[in-house]
Amino acid sequence: MGKALTSKVTWVGKVDWELKRFHGDEYSTQKGSSYNSYLVRDGKNVLIDTVWKPYDKEFVHNLQKEIDLKEIDFIVINHGEVDHSGALPELMRHIPDTPIYCTANGVKSLKGHYHQDWNFVTVKTGDALELGSTKLIFVEAPMLHWPDTMFCYLTGENIFFSNDAFGQHYATESLYNDVVDTAELYGEALKYYANILTPFSPLVTKKINEVLSLGLPVDMICPSHGVIWRDEPGQIIQAYLKWAASYQENQISIVYDTMWGATRRMAEALAAGIRSQDADVTVKLMNAAKEDKNDIITEIFRSKSVLVGSSTINRGILHSVGGLLEMIRGLKFTGKSAAAFGSYGWSGESVGHITAALADCGFRVLDEGIKALWMPDDAALSQCEAYGRGVAEVR
């Protein structure tokens, strides 16, 4: 069922309450998500994006309740990833000649996914699609977060269709930012930025400033996932500018995995040392094998310093820590310091491996880290506390 945003614009997407994993198994979506599609009716009618393929027939069926499909003059696909374009093949069975507006890279993406030679019309920044009393202005936004991504702006209605930017994986029937739990909303928005957009932060800043320089009035920001920003929509723009600027809070995160509890005890002693040195700092301890990996990434995004620990196994590190370090490497965090720790019984290579990985991830590595032989005794735990105090002093 569609939901009218204005007299000309209707939300025709799908709220997915059941979704718990996204991008394969790479992203946790405990709050579900939505696939936002928008129908603009003017002298000419345009559909902006579709929904994920599992809901393609449902989407087309519901769309037919809103409009005769043959009255759709144009389709805009802001980004070819299948959560946005998945219903396109089913829709095009009904209206096969309808022109599809996208970037040149969008054509490559859609052809790569669906192997169809539809009626593609390529657009670039500044191009416009006249609809009648309104028009859509296109803005290319490569790598936010795919090379094919673009935004579009509807004049007259002052609506900015931002695709993946400013979105969240957040299911709600309420639709708008001012009628949901603000803390919950911003938690999901920050998690989304931390796990998806962080590596493109310099481009985020550049593109936002480019769009702001146009001086376009914005009454509503309509992303492809989550809520629509209608109450002070500029607030999420300002949040993105803050998050893109090597964001950190007064927080230190300690991430570890442990075989028999020795590395866990080290982690707890490190935390005790940090807290004894700085009572105001937030300290988070997270077992990489037990906590949600995307929640860990979000806490690292918030942190000024990170300590990563693992016991030594097969002259290496535990796989949960190794996998997490690989995720971190791709996200390209900036402005954060880090160090390694871990216990061992015989050879003790884990701390060295983690230290090298932290440097490869772009962290400012504090030193060679700290290790403990076997189960740490009181003396070893005291050394960990002292090490934690030193980490707390780092600025």
# chains A, B, ... in the order shown; residues from 1 in each chain; ligands from 1

$ select_by_dssp --residues "region 138-257 of chain A" --states "strand (DSSP E or B)" --output "PyMOL selection string"
chain A and resi 138-140+150-154+159-163+176+220-223+228-229+251-257

$ select_by_dssp --residues "region 61-218 of chain A" --states "helix (DSSP H, G or I)" --output "VMD selection string"
chain A and resid 61 to 66 69 to 71 82 to 85 88 to 94 104 to 114 177 to 179 182 to 212

$ closest_residue --among "A:Ser37, A:Thr10, A:Asn177, A:Thr98" --to "Val60 (chain A)" --atoms "only C-alpha atoms"
A:Ser37

$ residues_around --residues "Ser224 (chain A)" --least-positions-apart "2" --cutoff "6 Å" --atoms "only C-alpha atoms" --output "ChimeraX atom specification"
/A:35-36,163-164

$ closest_atom_pairs --of "region 148-221 of chain A" --to "region 246-249 of chain A" --cutoff "10 Å" --atoms "only C-alpha atoms" --output "JSON lines"
{"residue": "A:Ala194", "atom": "CA", "partner": "A:Tyr247", "partner_atom": "CA", "distance": 9.7}
{"residue": "A:Thr198", "atom": "CA", "partner": "A:Ser246", "partner_atom": "CA", "distance": 9.1}
{"residue": "A:Ser201", "atom": "CA", "partner": "A:Ser246", "partner_atom": "CA", "distance": 8.3}
{"residue": "A:Pro202", "atom": "CA", "partner": "A:Ser246", "partner_atom": "CA", "distance": 9.6}

$ write_last_selection --atoms "N, CA and C atoms" --output "short mmCIF file (atom, residue, chain, number, x, y, z; two decimals), in the first residue's frame"
data_model
loop_
_atom_site.label_atom_id
_atom_site.label_comp_id
_atom_site.auth_asym_id
_atom_site.auth_seq_id
_atom_site.Cartn_x
_atom_site.Cartn_y
_atom_site.Cartn_z
N ALA A 194 29.15 3.64 9.80
CA ALA A 194 30.40 3.02 10.24
C ALA A 194 30.75 1.80 9.40
N THR A 198 32.17 4.42 5.81
CA THR A 198 33.44 4.90 6.37
C THR A 198 34.58 4.99 5.36
N SER A 201 34.67 8.27 3.32
CA SER A 201 34.44 9.52 4.04
C SER A 201 34.95 10.76 3.31
N PRO A 202 36.15 10.76 2.71
CA PRO A 202 36.57 11.97 1.98
C PRO A 202 35.61 12.33 0.85
#

$ residues_around --residues "region 316-324 of chain A" --least-positions-apart "5" --cutoff "6 Å" --atoms "only C-alpha atoms" --output "PDB file with C-alpha atoms, in the first residue's frame"
ATOM      1  CA  ALA A 288      35.005 -11.039  18.790  1.00  0.00           C
ATOM      2  CA  ALA A 289      33.709 -14.618  18.762  1.00  0.00           C
ATOM      3  CA  SER A 310      44.124 -12.945  20.751  1.00  0.00           C
ATOM      4  CA  SER A 350      49.782 -13.521  18.022  1.00  0.00           C
TER       5      SER A 350
END

$ residues_around --residues "region 133-150 of chain A" --least-positions-apart "3" --cutoff "10 Å" --atoms "only C-alpha atoms" --output "PyMOL selection string"
chain A and resi 8+40-44+46+76-81+101-110+123-130+153-165+196-201+203-204+207-208+210-211

$ closest_residue --among "A:Leu91, A:Leu307, A:Met266, A:Ala279" --to "Asp378 (chain A)" --atoms "only C-alpha atoms"
A:Met266
